[in-house]
Every structure is written in C-alpha cells, then in structure tokens.
>>> print(open('final11.cif').read())   # mmCIF, C-alpha atoms
data_structure
loop_
_atom_site.label_atom_id
_atom_site.label_comp_id
_atom_site.auth_asym_id
_atom_site.auth_seq_id
_atom_site.Cartn_x
_atom_site.Cartn_y
_atom_site.Cartn_z
CA MET A 1 -59.18 150.36 42.85
CA VAL A 2 -56.04 152.29 43.64
CA LYS A 3 -57.39 153.02 47.11
CA LEU A 4 -58.05 149.35 47.72
CA THR A 5 -54.52 148.31 46.73
CA LYS A 6 -53.11 151.09 48.86
CA ARG A 7 -55.11 149.94 51.83
CA ILE A 8 -54.16 146.31 51.33
CA GLY A 9 -50.52 147.35 50.99
CA GLY A 10 -50.72 149.19 54.28
CA LEU A 11 -52.29 146.22 56.01
CA VAL A 12 -49.67 143.83 54.65
CA LEU A 13 -46.91 146.17 55.78
CA ARG A 14 -48.32 146.40 59.26
CA LEU A 15 -48.81 142.65 59.49
CA ALA A 16 -45.18 142.14 58.44
CA ALA A 17 -43.99 144.65 61.04
CA PHE A 18 -46.07 142.91 63.71
CA GLY A 19 -44.55 139.58 62.68
CA ALA A 20 -40.99 140.90 62.75
CA ALA A 21 -41.38 142.53 66.17
CA LEU A 22 -42.97 139.38 67.56
CA ALA A 23 -40.16 137.26 66.10
CA ALA A 24 -37.50 139.48 67.67
CA LEU A 25 -39.30 139.24 71.00
CA ILE A 26 -39.59 135.46 70.92
CA VAL A 27 -36.04 134.80 69.75
CA MET A 28 -34.61 137.04 72.47
CA VAL A 29 -36.76 135.52 75.22
CA THR A 30 -35.85 131.94 74.35
CA SER A 31 -32.11 132.58 74.26
CA ARG A 32 -30.50 130.82 77.13
CA GLU A 33 -27.33 128.85 77.43
CA ARG A 34 -25.48 127.16 80.20
CA ALA A 35 -21.73 126.86 80.00
CA SER A 36 -19.40 125.43 82.60
CA PHE A 37 -15.69 125.89 82.89
CA PHE A 38 -13.30 125.38 85.78
CA ALA A 39 -16.14 123.88 87.85
CA VAL A 40 -17.96 127.19 87.65
CA SER A 41 -21.30 127.04 85.92
CA LEU A 42 -22.33 130.13 84.05
CA GLU A 43 -25.78 130.57 82.64
CA ALA A 44 -26.39 133.32 80.14
CA LYS A 45 -29.95 134.59 79.97
CA TYR A 46 -31.39 137.63 78.32
CA THR A 47 -32.31 139.09 81.71
CA ASP A 48 -28.65 139.51 82.59
CA MET A 49 -28.43 142.73 80.63
CA ALA A 50 -30.80 145.62 81.17
CA ALA A 51 -30.59 146.57 77.49
CA PHE A 52 -31.94 143.16 76.42
CA LYS A 53 -34.83 143.46 78.88
CA TYR A 54 -35.64 146.88 77.41
CA PHE A 55 -35.44 145.38 73.92
CA VAL A 56 -37.97 142.70 74.85
CA ILE A 57 -40.34 145.23 76.46
CA ALA A 58 -40.12 147.66 73.53
CA ASN A 59 -40.78 144.94 70.96
CA ALA A 60 -43.70 143.67 73.04
CA VAL A 61 -45.24 147.15 73.10
CA VAL A 62 -44.72 147.54 69.35
CA SER A 63 -46.25 144.12 68.59
CA VAL A 64 -49.33 144.81 70.70
CA TYR A 65 -49.73 148.25 69.12
CA SER A 66 -49.42 146.90 65.57
CA PHE A 67 -51.89 144.15 66.31
CA LEU A 68 -54.43 146.67 67.60
CA VAL A 69 -54.00 149.05 64.69
CA LEU A 70 -54.57 146.18 62.25
CA PHE A 71 -58.20 146.22 63.31
CA LEU A 72 -58.76 149.95 63.07
CA PRO A 73 -61.58 150.70 60.63
CA LYS A 74 -60.79 152.79 57.60
CA GLU A 75 -63.14 155.68 58.28
CA SER A 76 -62.10 156.25 61.88
CA LEU A 77 -60.74 159.66 62.76
CA LEU A 78 -58.00 158.04 64.84
CA TRP A 79 -55.80 157.64 61.77
CA LYS A 80 -54.38 161.11 62.36
CA PHE A 81 -53.36 160.00 65.83
CA VAL A 82 -51.86 156.83 64.36
CA VAL A 83 -49.28 158.95 62.49
CA VAL A 84 -47.85 160.40 65.71
CA LEU A 85 -48.06 157.05 67.47
CA ASP A 86 -46.20 155.44 64.57
CA LEU A 87 -43.44 158.00 65.06
CA VAL A 88 -43.30 157.22 68.78
CA MET A 89 -43.14 153.49 68.07
CA THR A 90 -40.36 154.00 65.53
CA MET A 91 -38.39 155.97 68.11
CA LEU A 92 -38.99 153.20 70.66
CA LEU A 93 -37.79 150.58 68.18
CA THR A 94 -34.62 152.46 67.21
CA SER A 95 -33.74 153.18 70.81
CA SER A 96 -34.20 149.56 71.92
CA LEU A 97 -32.31 148.16 68.95
CA SER A 98 -29.49 150.65 69.37
CA ALA A 99 -29.15 149.93 73.11
CA ALA A 100 -29.16 146.15 72.56
CA LEU A 101 -26.59 146.51 69.76
CA ALA A 102 -24.30 148.64 71.93
CA VAL A 103 -24.38 146.13 74.80
CA ALA A 104 -24.04 143.14 72.45
CA GLN A 105 -21.03 144.77 70.83
CA VAL A 106 -19.39 145.10 74.24
CA GLY A 107 -20.21 141.45 74.91
CA LYS A 108 -18.70 140.34 71.63
CA LYS A 109 -15.56 142.43 71.52
CA GLY A 110 -15.12 143.34 75.15
CA ASN A 111 -13.68 146.65 76.23
CA ALA A 112 -9.93 146.47 76.73
CA ASN A 113 -9.73 149.86 78.40
CA ALA A 114 -12.25 149.00 81.08
CA GLY A 115 -10.94 145.48 81.59
CA TRP A 116 -14.14 143.86 80.33
CA LEU A 117 -13.62 140.50 78.67
CA PRO A 118 -15.85 139.36 75.81
CA ILE A 119 -18.30 136.64 76.77
CA CYS A 120 -19.21 135.37 73.30
CA GLY A 121 -16.38 132.87 73.30
CA GLN A 122 -17.91 131.02 76.25
CA VAL A 123 -21.57 131.08 75.20
CA PRO A 124 -21.57 131.04 71.37
CA LYS A 125 -25.13 129.80 70.90
CA PHE A 126 -26.48 132.53 73.15
CA CYS A 127 -24.61 135.12 71.11
CA ASP A 128 -25.97 133.68 67.87
CA GLN A 129 -29.53 133.86 69.12
CA ILE A 130 -29.06 137.42 70.30
CA THR A 131 -27.73 138.28 66.84
CA GLY A 132 -30.82 136.70 65.28
CA ALA A 133 -33.12 138.69 67.55
CA LEU A 134 -31.29 141.90 66.68
CA ILE A 135 -31.61 141.19 62.95
CA ALA A 136 -35.36 140.64 63.36
CA GLY A 137 -35.54 143.88 65.33
CA PHE A 138 -33.75 145.69 62.52
CA VAL A 139 -36.23 144.31 59.96
CA ALA A 140 -39.09 145.49 62.19
CA LEU A 141 -37.49 148.93 62.35
CA VAL A 142 -37.16 149.23 58.56
CA LEU A 143 -40.78 148.13 58.13
CA TYR A 144 -41.88 150.66 60.72
CA VAL A 145 -40.11 153.51 58.94
CA LEU A 146 -41.93 152.49 55.75
CA LEU A 147 -45.19 152.30 57.71
CA LEU A 148 -44.62 155.79 59.09
CA LEU A 149 -44.19 157.17 55.59
CA TYR A 150 -47.23 155.21 54.43
CA SER A 151 -49.52 156.51 57.20
CA LEU A 152 -48.25 160.03 56.61
CA HIS A 153 -49.11 159.64 52.95
CA SER A 154 -52.56 158.23 53.58
CA VAL A 155 -53.60 160.80 56.19
CA VAL A 156 -52.31 164.08 54.83
CA ASP A 157 -52.06 165.10 51.26
CA PRO A 158 -48.34 165.65 51.36
CA PHE A 159 -47.75 166.22 47.69
CA LEU A 160 -50.54 168.78 47.68
CA LEU A 161 -52.30 166.95 44.89
CA GLN A 162 -55.52 168.89 45.44
CA LYS A 163 -54.59 172.23 43.98
CA SER A 164 -56.36 175.33 45.17
CA MET B 1 -63.20 180.86 60.35
CA ALA B 2 -59.64 182.06 60.65
CA ARG B 3 -57.29 179.19 59.86
CA GLU B 4 -53.53 179.34 59.73
CA LYS B 5 -52.31 179.66 56.21
CA ILE B 6 -48.89 178.21 55.80
CA VAL B 7 -48.79 178.29 52.03
CA VAL B 8 -49.20 182.04 51.91
CA ALA B 9 -45.92 183.83 51.63
CA GLY B 10 -44.66 185.87 54.53
CA GLY B 11 -46.22 186.34 57.90
CA THR B 12 -45.56 184.56 61.15
CA THR B 13 -48.22 182.20 62.39
CA LYS B 14 -48.50 180.64 65.82
CA SER B 15 -47.13 177.29 64.72
CA TRP B 16 -44.18 179.04 63.08
CA LYS B 17 -43.22 180.71 66.34
CA LEU B 18 -43.71 177.52 68.34
CA LEU B 19 -41.62 175.52 65.89
CA LEU B 20 -38.83 178.10 65.90
CA GLY B 21 -38.73 178.16 69.71
CA LEU B 22 -38.69 174.36 69.97
CA ARG B 23 -35.97 174.09 67.36
CA ILE B 24 -33.76 176.59 69.15
CA PHE B 25 -34.06 174.65 72.39
CA ALA B 26 -33.44 171.32 70.64
CA PHE B 27 -30.37 172.77 68.93
CA MET B 28 -28.98 174.01 72.23
CA ALA B 29 -29.69 170.73 74.02
CA THR B 30 -28.09 168.47 71.41
CA LEU B 31 -25.12 170.77 70.95
CA ALA B 32 -24.54 170.84 74.72
CA ALA B 33 -24.73 167.04 74.86
CA ALA B 34 -22.23 166.67 72.01
CA ILE B 35 -19.78 169.19 73.47
CA VAL B 36 -19.90 167.85 77.03
CA MET B 37 -19.42 164.27 75.92
CA SER B 38 -16.65 165.05 73.47
CA LEU B 39 -14.66 166.89 76.14
CA ASN B 40 -15.15 164.06 78.60
CA LYS B 41 -11.77 162.82 79.72
CA GLU B 42 -10.24 161.90 83.01
CA THR B 43 -6.74 160.80 83.87
CA LYS B 44 -5.85 159.10 87.11
CA THR B 45 -2.75 157.50 88.48
CA LEU B 46 -3.63 154.41 90.41
CA VAL B 47 -1.59 152.02 92.41
CA VAL B 48 -1.91 148.67 90.71
CA ALA B 49 0.53 146.56 92.71
CA THR B 50 3.04 146.85 95.48
CA ILE B 51 6.41 145.14 95.38
CA GLY B 52 7.69 145.16 98.92
CA THR B 53 7.17 148.75 99.94
CA LEU B 54 7.43 150.22 96.44
CA PRO B 55 4.04 150.96 94.90
CA ILE B 56 3.74 150.61 91.14
CA LYS B 57 1.63 153.32 89.70
CA ALA B 58 -0.11 153.23 86.38
CA THR B 59 -1.71 156.13 84.63
CA LEU B 60 -5.14 155.29 83.31
CA THR B 61 -7.31 157.55 81.24
CA ALA B 62 -11.00 157.34 80.66
CA LYS B 63 -11.89 158.87 77.33
CA PHE B 64 -15.15 158.83 75.45
CA GLN B 65 -13.40 157.31 72.43
CA HIS B 66 -12.91 154.05 74.31
CA THR B 67 -16.58 153.21 73.98
CA PRO B 68 -18.12 152.99 70.47
CA ALA B 69 -21.54 153.85 71.87
CA PHE B 70 -20.25 157.21 73.09
CA VAL B 71 -18.58 157.90 69.75
CA PHE B 72 -21.93 157.24 68.06
CA PHE B 73 -23.54 159.51 70.67
CA VAL B 74 -21.25 162.43 69.85
CA ILE B 75 -21.58 162.00 66.08
CA ALA B 76 -25.37 161.67 66.17
CA ASN B 77 -25.79 164.71 68.42
CA VAL B 78 -23.56 166.77 66.16
CA MET B 79 -25.65 165.69 63.15
CA VAL B 80 -28.95 166.49 64.84
CA SER B 81 -27.80 169.90 66.07
CA PHE B 82 -26.54 170.69 62.57
CA HIS B 83 -29.94 169.68 61.18
CA ASN B 84 -31.67 171.94 63.68
CA LEU B 85 -29.38 174.84 62.83
CA LEU B 86 -30.09 174.36 59.14
CA MET B 87 -33.83 174.26 59.77
CA ILE B 88 -33.71 177.40 61.93
CA VAL B 89 -31.85 179.27 59.21
CA LEU B 90 -34.29 177.95 56.60
CA GLN B 91 -37.27 178.98 58.69
CA ILE B 92 -36.04 182.50 59.31
CA PHE B 93 -34.89 183.27 55.81
CA SER B 94 -37.62 181.61 53.79
CA ARG B 95 -40.63 183.54 55.03
CA LYS B 96 -41.04 185.02 51.59
CA LEU B 97 -41.07 181.64 49.87
CA GLU B 98 -44.15 179.54 49.39
CA TYR B 99 -44.24 175.99 50.61
CA LYS B 100 -45.13 174.29 47.40
CA GLY B 101 -44.45 170.76 46.33
CA VAL B 102 -42.45 168.57 48.62
CA ARG B 103 -40.88 171.31 50.71
CA LEU B 104 -43.11 170.94 53.75
CA LEU B 105 -43.11 167.16 53.42
CA SER B 106 -39.32 166.92 53.27
CA ILE B 107 -39.01 169.09 56.38
CA ALA B 108 -41.41 166.78 58.23
CA ILE B 109 -39.61 163.62 57.07
CA LEU B 110 -36.17 164.99 57.96
CA ASP B 111 -37.46 165.96 61.40
CA MET B 112 -38.80 162.48 61.97
CA LEU B 113 -35.55 160.83 60.87
CA ASN B 114 -33.47 163.05 63.12
CA ALA B 115 -35.80 162.45 66.06
CA THR B 116 -35.26 158.70 65.71
CA LEU B 117 -31.50 159.19 65.31
CA VAL B 118 -31.09 161.19 68.49
CA SER B 119 -33.29 158.79 70.46
CA ALA B 120 -31.19 155.85 69.28
CA ALA B 121 -27.93 157.57 70.22
CA ALA B 122 -29.13 158.67 73.66
CA ASN B 123 -30.47 155.24 74.52
CA ALA B 124 -27.38 153.34 73.42
CA ALA B 125 -25.19 155.66 75.47
CA VAL B 126 -27.38 155.42 78.56
CA PHE B 127 -27.37 151.62 78.61
CA VAL B 128 -23.61 151.41 78.16
CA ALA B 129 -23.19 154.06 80.87
CA GLU B 130 -25.39 151.99 83.17
CA LEU B 131 -23.05 149.05 82.54
CA GLY B 132 -20.14 151.25 83.52
CA LYS B 133 -21.85 152.50 86.63
CA ASN B 134 -23.17 149.25 88.02
CA GLY B 135 -21.01 146.66 86.34
CA ASN B 136 -22.45 143.30 85.45
CA LYS B 137 -22.05 140.37 87.80
CA HIS B 138 -23.07 137.75 85.27
CA ALA B 139 -20.50 138.75 82.71
CA LYS B 140 -17.93 139.61 85.41
CA TRP B 141 -17.55 143.20 84.23
CA ASN B 142 -16.55 145.49 87.06
CA LYS B 143 -17.66 149.05 87.47
CA VAL B 144 -15.75 152.00 86.16
CA CYS B 145 -17.53 154.81 87.98
CA ASP B 146 -16.10 154.23 91.43
CA ARG B 147 -12.65 155.17 90.21
CA PHE B 148 -13.48 157.74 87.55
CA ALA B 149 -16.18 159.75 89.26
CA THR B 150 -15.77 163.00 87.29
CA TYR B 151 -15.89 161.13 83.98
CA CYS B 152 -19.16 159.53 85.00
CA ASP B 153 -20.63 162.81 86.22
CA HIS B 154 -19.85 164.63 83.00
CA GLY B 155 -21.23 161.71 81.01
CA ALA B 156 -24.43 161.82 83.04
CA GLY B 157 -24.81 165.53 82.32
CA ALA B 158 -24.37 164.94 78.60
CA LEU B 159 -26.96 162.16 78.72
CA ILE B 160 -29.50 164.38 80.47
CA ALA B 161 -29.02 167.07 77.82
CA ALA B 162 -29.43 164.45 75.09
CA PHE B 163 -32.67 163.16 76.57
CA ALA B 164 -34.00 166.70 76.75
CA GLY B 165 -33.05 166.88 73.07
CA VAL B 166 -34.97 163.66 72.38
CA ILE B 167 -38.17 165.03 73.91
CA LEU B 168 -37.73 168.33 72.09
CA MET B 169 -37.12 166.60 68.75
CA LEU B 170 -40.26 164.53 69.27
CA LEU B 171 -42.22 167.76 69.83
CA VAL B 172 -40.57 169.38 66.80
CA SER B 173 -41.52 166.51 64.50
CA SER B 174 -45.08 166.46 65.90
CA VAL B 175 -45.44 170.17 65.15
CA SER B 176 -44.02 169.65 61.64
CA ILE B 177 -46.52 166.84 60.99
CA SER B 178 -49.37 168.98 62.28
CA ARG B 179 -48.27 171.80 59.97
CA LEU B 180 -48.55 169.32 57.11
CA LEU B 181 -52.04 168.42 58.28
CA ILE B 182 -53.12 172.05 58.56
CA ASN B 183 -51.70 172.78 55.14
CA SER B 184 -53.51 169.93 53.43
CA LYS B 185 -56.75 170.71 55.26
CA HIS B 186 -56.52 174.37 54.24
CA LEU B 187 -55.94 173.45 50.62
CA SER B 188 -58.79 170.95 50.55
CA THR B 189 -61.23 173.52 52.05
CA THR B 190 -60.24 176.15 49.48
CA ALA B 191 -60.62 173.54 46.73
CA THR B 192 -64.15 172.74 47.84
CA THR B 193 -65.08 176.42 48.16
CA THR B 194 -63.79 177.17 44.67
CA ALA B 195 -65.68 174.15 43.40
CA VAL B 196 -68.86 175.46 44.99
CA VAL B 197 -68.27 178.95 43.64
#
>>> encode(input="final11.cif", output="structure tokens")
Amino acid sequence: MVKLTKRIGGLVLRLAAFGAALAALIVMVTSRERASFFAVSLEAKYTDMAAFKYFVIANAVVSVYSFLVLFLPKESLLWKFVVVLDLVMTMLLTSSLSAALAVAQVGKKGNANAGWLPICGQVPKFCDQITGALIAGFVALVLYVLLLLYSLHSVVDPFLLQKS
Amino acid sequence: MAREKIVVAGGTTKSWKLLLGLRIFAFMATLAAAIVMSLNKETKTLVVATIGTLPIKATLTAKFQHTPAFVFFVIANVMVSFHNLLMIVLQIFSRKLEYKGVRLLSIAILDMLNATLVSAAANAAVFVAELGKNGNKHAKWNKVCDRFATYCDHGAGALIAAFAGVILMLLVSSVSISRLLINSKHLSTTATTTAVV
C-alpha cells in the first residue's frame, strides 16, 4: 500500500514537471510583440536572444524526457539510469533558466556601463510573457529537484533501512 | 565476489581514489574561474568627441561588478570550490569513520546541488558574455569586446575553467550516487546472506 502511494506520488510529480516544462516552452514560443515608434517598427520575438532560444530547447528536451519516463515500467532496470539522467535534466533546467534570467534582467534594467538601454518600456507585453515563461520554468525546476530526490530514494536505500 | 565495502572503516577503495582525484580537479577549476573573473578589470581612455581640434577623452573601465551575471558567477564558483575543499578534507580525515545513517546520502545530495549551482552560474555568464561579444541588433545593444579586448579574453578564460568545473562536478556527483548504490547493494546482499545463514 505504501509502495503504491509512493509510486503514484512519483508519477504525479513527473506529470506536473512535464506540464510545467511544456507550459514554459509554449509561453515563451508564443511571445511576440510589435511596437512602432518614430516610424521605426520593432518586433520583439523570442528568437532575438540566444538565451531564450536555449531556454526553449532545454525545456523541450526536458518535456520529451519526462513524457518518456512516465511510461517506464516499474520493474525495469533502467531506473538506476533515470537517477543520473534526472540530475542531467536538472542541470539543463537550471542552466537554461539562469541564462534566460540573466538576459531578461539586462533587458529590463539595461546596463548603464555598457550603454545598453532597457527594452521593456517599449514592448511591455513581450516582457510580461517572458516573465511568465520564466516563472513556469522555475516551477519546473523545483519539481525536478523534488523528482531527483524521489528517484534517488526509490532506487537506492539511502537511509540504509536494511540493516546488516 | 569481491565488492567494494564503503561502510567498513578505513581503507581506500577505487571509488574513493577516483572521487578524491575528481574533487581536487573540480576544486582547482572552480577556484581558477572565480579568481580570474574577480580580477577581471580593464581601464581605457577613449576619445568620445572632438571639439575643433581638441579631443575629449573619457576614461572608461570594464569591471566584472558591472554585470550581475558575473557577480553571481564569482559568488557561485567561490561557493562550489569551498564545498569541494570541505569534501576533500572530509574524505581524507574521515577514513576511520563509518558511513552510517544519512552521511553518504547528504554528501550525494550536496554534490548534486552544487553541480546544478555551478552549471547555472557558468551558463548565465556565458550568455551575457555572448551578448557583450556580438551585441544584439534587435535590442540595439552594441558590442563591448571590440574596445575592451583584454577584459573579454580574461572573461573567456574564466568561463572555460568554469565549464571544466561543470563537467567535473557532474562526474563527482555521478560517482557519489554510484557510491550510494554500491553501499545499499552491499548492505542488501549481506542482509540476505545473514537471513540465509
């Protein structure tokens, strides 16, 4: 009974992480805004910044991976490999989120020393959608850290409950 | 069948030596990245305008503190190298202690957390550095690296060291997880043998 609830908990966690990564991906991809000022038309897309492209790719990889692991049978020996892959996916998620946050922070506040002006004043809806995508990415990251601990707990016997 | 026993006090097993070697390299890599980036500074006097024949010079400095991503980079690398140093000291001086309870698990979890931390820091810094090197036409941000070449070179060196640290930390946490696996497998086999006996 305990094993069944543990397994269901793990599945729910992974489904939630899949959902969050997919949401971050979709919100970032559909963010687009056109603003015009002084007869110059400026369109802000997510492909303008390399960090946002990396964010989309990383979240796509994580979503596909979570979806595939959802269907892994319980008795398969691949669960030990899933622990290391979960660590790799967590690292991928943190790196993409951190890169997107760093670039978005430069876009929002600018960099006075380098002479870079903030762009959020001209394209506010784009900035809001990017913020939403980053929040979803952060939720996916937290869920993935929990998933990592969960898979570690289910594969090894970390508290050494079976005494010798 | 000879299996590595990690719970037994004393002795150096193969995974112990591998882990110690990897940790030493990771410590050196992250420390080098932190030091090179924190000493990254360049001052240049540039001519910004000319009034008649008199050039107006301005002194501009490029420091790592100007960019929050680089500040995070330095802090995170210092934290990870400190973690590695602590783990090296723990590994060398605790050969007499047994790994009971949550000791092995907490080492594995701390390694995993620090691996994600250093990967986040290195990636944030590399994307912001790419912005500085190539500029961004869409946002009308011009490049920094054509005027401050030494600053960019030193930053690139620090980034390379940090990425080496990322790979090494990934290996370190994999070895820690596998030590957990070996430990639990060893204990379960002894449990079954004692049950049989």
>>> closest_atom_pairs(input="final11.cif", of="chain A", to="chain B", cutoff="9 Å", atoms="all atoms listed in the file", output="Markdown table")
| residue | atom | partner | partner_atom | distance |
| --- | --- | --- | --- | --- |
| A:Leu42 | CA | B:His138 | CA | 7.8 |
| A:Glu43 | CA | B:His138 | CA | 8.1 |
| A:Ala44 | CA | B:His138 | CA | 7.5 |
| A:Asp48 | CA | B:His138 | CA | 6.4 |
| A:Met49 | CA | B:Asn136 | CA | 7.7 |
| A:Ala50 | CA | B:Phe127 | CA | 7.4 |
| A:Ala51 | CA | B:Phe127 | CA | 6.1 |
| A:Lys80 | CA | B:Leu181 | CA | 8.7 |
| A:Val83 | CA | B:Ile177 | CA | 8.5 |
| A:Val84 | CA | B:Ser174 | CA | 6.7 |
| A:Leu87 | CA | B:Met112 | CA | 7.2 |
| A:Val88 | CA | B:Leu170 | CA | 7.9 |
| A:Thr90 | CA | B:Thr116 | CA | 6.9 |
| A:Met91 | CA | B:Thr116 | CA | 4.8 |
| A:Leu92 | CA | B:Ser119 | CA | 8.0 |
| A:Leu93 | CA | B:Ala120 | CA | 8.5 |
| A:Thr94 | CA | B:Ala120 | CA | 5.2 |
| A:Ser95 | CA | B:Ala120 | CA | 4.0 |
| A:Ser96 | CA | B:Asn123 | CA | 7.3 |
| A:Leu97 | CA | B:Ala120 | CA | 7.8 |
| A:Ser98 | CA | B:Ala124 | CA | 5.3 |
| A:Ala99 | CA | B:Ala124 | CA | 3.9 |
| A:Ala100 | CA | B:Ala124 | CA | 7.5 |
| A:Leu101 | CA | B:Ala124 | CA | 7.8 |
| A:Ala102 | CA | B:Ala124 | CA | 5.8 |
| A:Val103 | CA | B:Val128 | CA | 6.3 |
| A:Gln105 | CA | B:Pro68 | CA | 8.7 |
| A:Val106 | CA | B:Val128 | CA | 8.5 |
| A:Gly107 | CA | B:Ala139 | CA | 8.3 |
| A:Asn111 | CA | B:Thr67 | CA | 7.5 |
| A:Ala112 | CA | B:His66 | CA | 8.5 |
| A:Asn113 | CA | B:His66 | CA | 6.7 |
| A:Ala114 | CA | B:Val144 | CA | 6.9 |
| A:Gly115 | CA | B:Trp141 | CA | 7.5 |
| A:Trp116 | CA | B:Trp141 | CA | 5.2 |
| A:Leu117 | CA | B:Trp141 | CA | 7.3 |
| A:Pro118 | CA | B:Ala139 | CA | 8.3 |
| A:Ile119 | CA | B:Ala139 | CA | 6.7 |
| A:Val145 | CA | B:Leu113 | CA | 8.8 |
| A:Leu149 | CA | B:Ile109 | CA | 8.0 |
| A:Leu152 | CA | B:Ile177 | CA | 8.3 |
| A:Val155 | CA | B:Leu181 | CA | 8.1 |
| A:Val156 | CA | B:Leu181 | CA | 5.6 |
| A:Asp157 | CA | B:Ser184 | CA | 5.5 |
| A:Pro158 | CA | B:Leu105 | CA | 5.8 |
| A:Phe159 | CA | B:Gly101 | CA | 5.8 |
| A:Leu160 | CA | B:Gly101 | CA | 6.5 |
| A:Leu161 | CA | B:Gly101 | CA | 8.8 |
| A:Gln162 | CA | B:Ser188 | CA | 6.4 |
| A:Lys163 | CA | B:Ala191 | CA | 6.8 |
| A:Ser164 | CA | B:Ala191 | CA | 4.9 |
>>> closest_residue(input="final11.cif", among="A:Val82, A:Val139, A:Ala23, A:Ala104", to="Cys127 of chain A", atoms="all atoms listed in the file")
A:Ala104
>>> resolve_selection(input="final11.cif", expression="the PyMOL selection byres ((chain B and resi 39) around 10)", output="list in words")
Ala34, Ile35, Val36, Met37, Ser38, Asn40, Lys41, Glu42, Lys63, Phe64, Tyr151, His154 and Gly155 of chain B
>>> resolve_selection(input="final11.cif", expression="the PyMOL selection byres ((chain A and resi 144) around 8)", output="JSON list (two decimals) with C-alpha atoms, in the frame of the given file")
[["chain", "number", "residue", "atom", "x", "y", "z"],
["A", 14, "ARG", "CA", -48.32, 146.40, 59.26],
["A", 17, "ALA", "CA", -43.99, 144.65, 61.04],
["A", 86, "ASP", "CA", -46.20, 155.44, 64.57],
["A", 89, "MET", "CA", -43.14, 153.49, 68.07],
["A", 90, "THR", "CA", -40.36, 154.00, 65.53],
["A", 140, "ALA", "CA", -39.09, 145.49, 62.19],
["A", 141, "LEU", "CA", -37.49, 148.93, 62.35],
["A", 142, "VAL", "CA", -37.16, 149.23, 58.56],
["A", 143, "LEU", "CA", -40.78, 148.13, 58.13],
["A", 145, "VAL", "CA", -40.11, 153.51, 58.94],
["A", 146, "LEU", "CA", -41.93, 152.49, 55.75],
["A", 147, "LEU", "CA", -45.19, 152.30, 57.71],
["A", 148, "LEU", "CA", -44.62, 155.79, 59.09]]
>>> residues_near_point(input="final11.cif", point="(-28.5, 138.3, 65.8)", cutoff="12 Å", atoms="all atoms listed in the file", output="PDB file with C-alpha atoms, in the frame of the given file")
ATOM      1  CA  ALA A  23     -40.160 137.260  66.100  1.00  0.00           C
ATOM      2  CA  ALA A  24     -37.500 139.480  67.670  1.00  0.00           C
ATOM      3  CA  VAL A  27     -36.040 134.800  69.750  1.00  0.00           C
ATOM      4  CA  MET A  28     -34.610 137.040  72.470  1.00  0.00           C
ATOM      5  CA  SER A  31     -32.110 132.580  74.260  1.00  0.00           C
ATOM      6  CA  LEU A  97     -32.310 148.160  68.950  1.00  0.00           C
ATOM      7  CA  ALA A 100     -29.160 146.150  72.560  1.00  0.00           C
ATOM      8  CA  LEU A 101     -26.590 146.510  69.760  1.00  0.00           C
ATOM      9  CA  ALA A 104     -24.040 143.140  72.450  1.00  0.00           C
ATOM     10  CA  GLN A 105     -21.030 144.770  70.830  1.00  0.00           C
ATOM     11  CA  LYS A 108     -18.700 140.340  71.630  1.00  0.00           C
ATOM     12  CA  PRO A 124     -21.570 131.040  71.370  1.00  0.00           C
ATOM     13  CA  LYS A 125     -25.130 129.800  70.900  1.00  0.00           C
ATOM     14  CA  PHE A 126     -26.480 132.530  73.150  1.00  0.00           C
ATOM     15  CA  CYS A 127     -24.610 135.120  71.110  1.00  0.00           C
ATOM     16  CA  ASP A 128     -25.970 133.680  67.870  1.00  0.00           C
ATOM     17  CA  GLN A 129     -29.530 133.860  69.120  1.00  0.00           C
ATOM     18  CA  ILE A 130     -29.060 137.420  70.300  1.00  0.00           C
ATOM     19  CA  THR A 131     -27.730 138.280  66.840  1.00  0.00           C
ATOM     20  CA  GLY A 132     -30.820 136.700  65.280  1.00  0.00           C
ATOM     21  CA  ALA A 133     -33.120 138.690  67.550  1.00  0.00           C
ATOM     22  CA  LEU A 134     -31.290 141.900  66.680  1.00  0.00           C
ATOM     23  CA  ILE A 135     -31.610 141.190  62.950  1.00  0.00           C
ATOM     24  CA  ALA A 136     -35.360 140.640  63.360  1.00  0.00           C
ATOM     25  CA  GLY A 137     -35.540 143.880  65.330  1.00  0.00           C
ATOM     26  CA  PHE A 138     -33.750 145.690  62.520  1.00  0.00           C
ATOM     27  CA  VAL A 139     -36.230 144.310  59.960  1.00  0.00           C
TER      28      VAL A 139
END
>>> atom_distance(input="final11.cif", atom1="atom CA of Val69 of chain A", atom2="atom CA of Leu11 of chain A")
9.3 Å
>>> residues_around(input="final11.cif", residues="segment 80-89 of chain B", least_positions_apart="4", cutoff="7 Å", atoms="only C-alpha atoms", output="PDB file with C-alpha atoms, keeping the file's coordinate frame")
ATOM      1  CA  LEU B  20     -38.830 178.100  65.900  1.00  0.00           C
ATOM      2  CA  ARG B  23     -35.970 174.090  67.360  1.00  0.00           C
ATOM      3  CA  PHE B  27     -30.370 172.770  68.930  1.00  0.00           C
ATOM      4  CA  THR B  30     -28.090 168.470  71.410  1.00  0.00           C
ATOM      5  CA  LEU B  31     -25.120 170.770  70.950  1.00  0.00           C
ATOM      6  CA  ALA B  76     -25.370 161.670  66.170  1.00  0.00           C
ATOM      7  CA  PHE B  93     -34.890 183.270  55.810  1.00  0.00           C
ATOM      8  CA  ASN B 114     -33.470 163.050  63.120  1.00  0.00           C
ATOM      9  CA  VAL B 118     -31.090 161.190  68.490  1.00  0.00           C
TER      10      VAL B 118
END
>>> atom_distance(input="final11.cif", atom1="atom CA of Gly110 of chain A", atom2="atom CA of Cys145 of chain B")
17.4 Å
>>> atom_distance(input="final11.cif", atom1="atom CA of Ala26 of chain B", atom2="atom CA of Asp153 of chain B")
21.9 Å
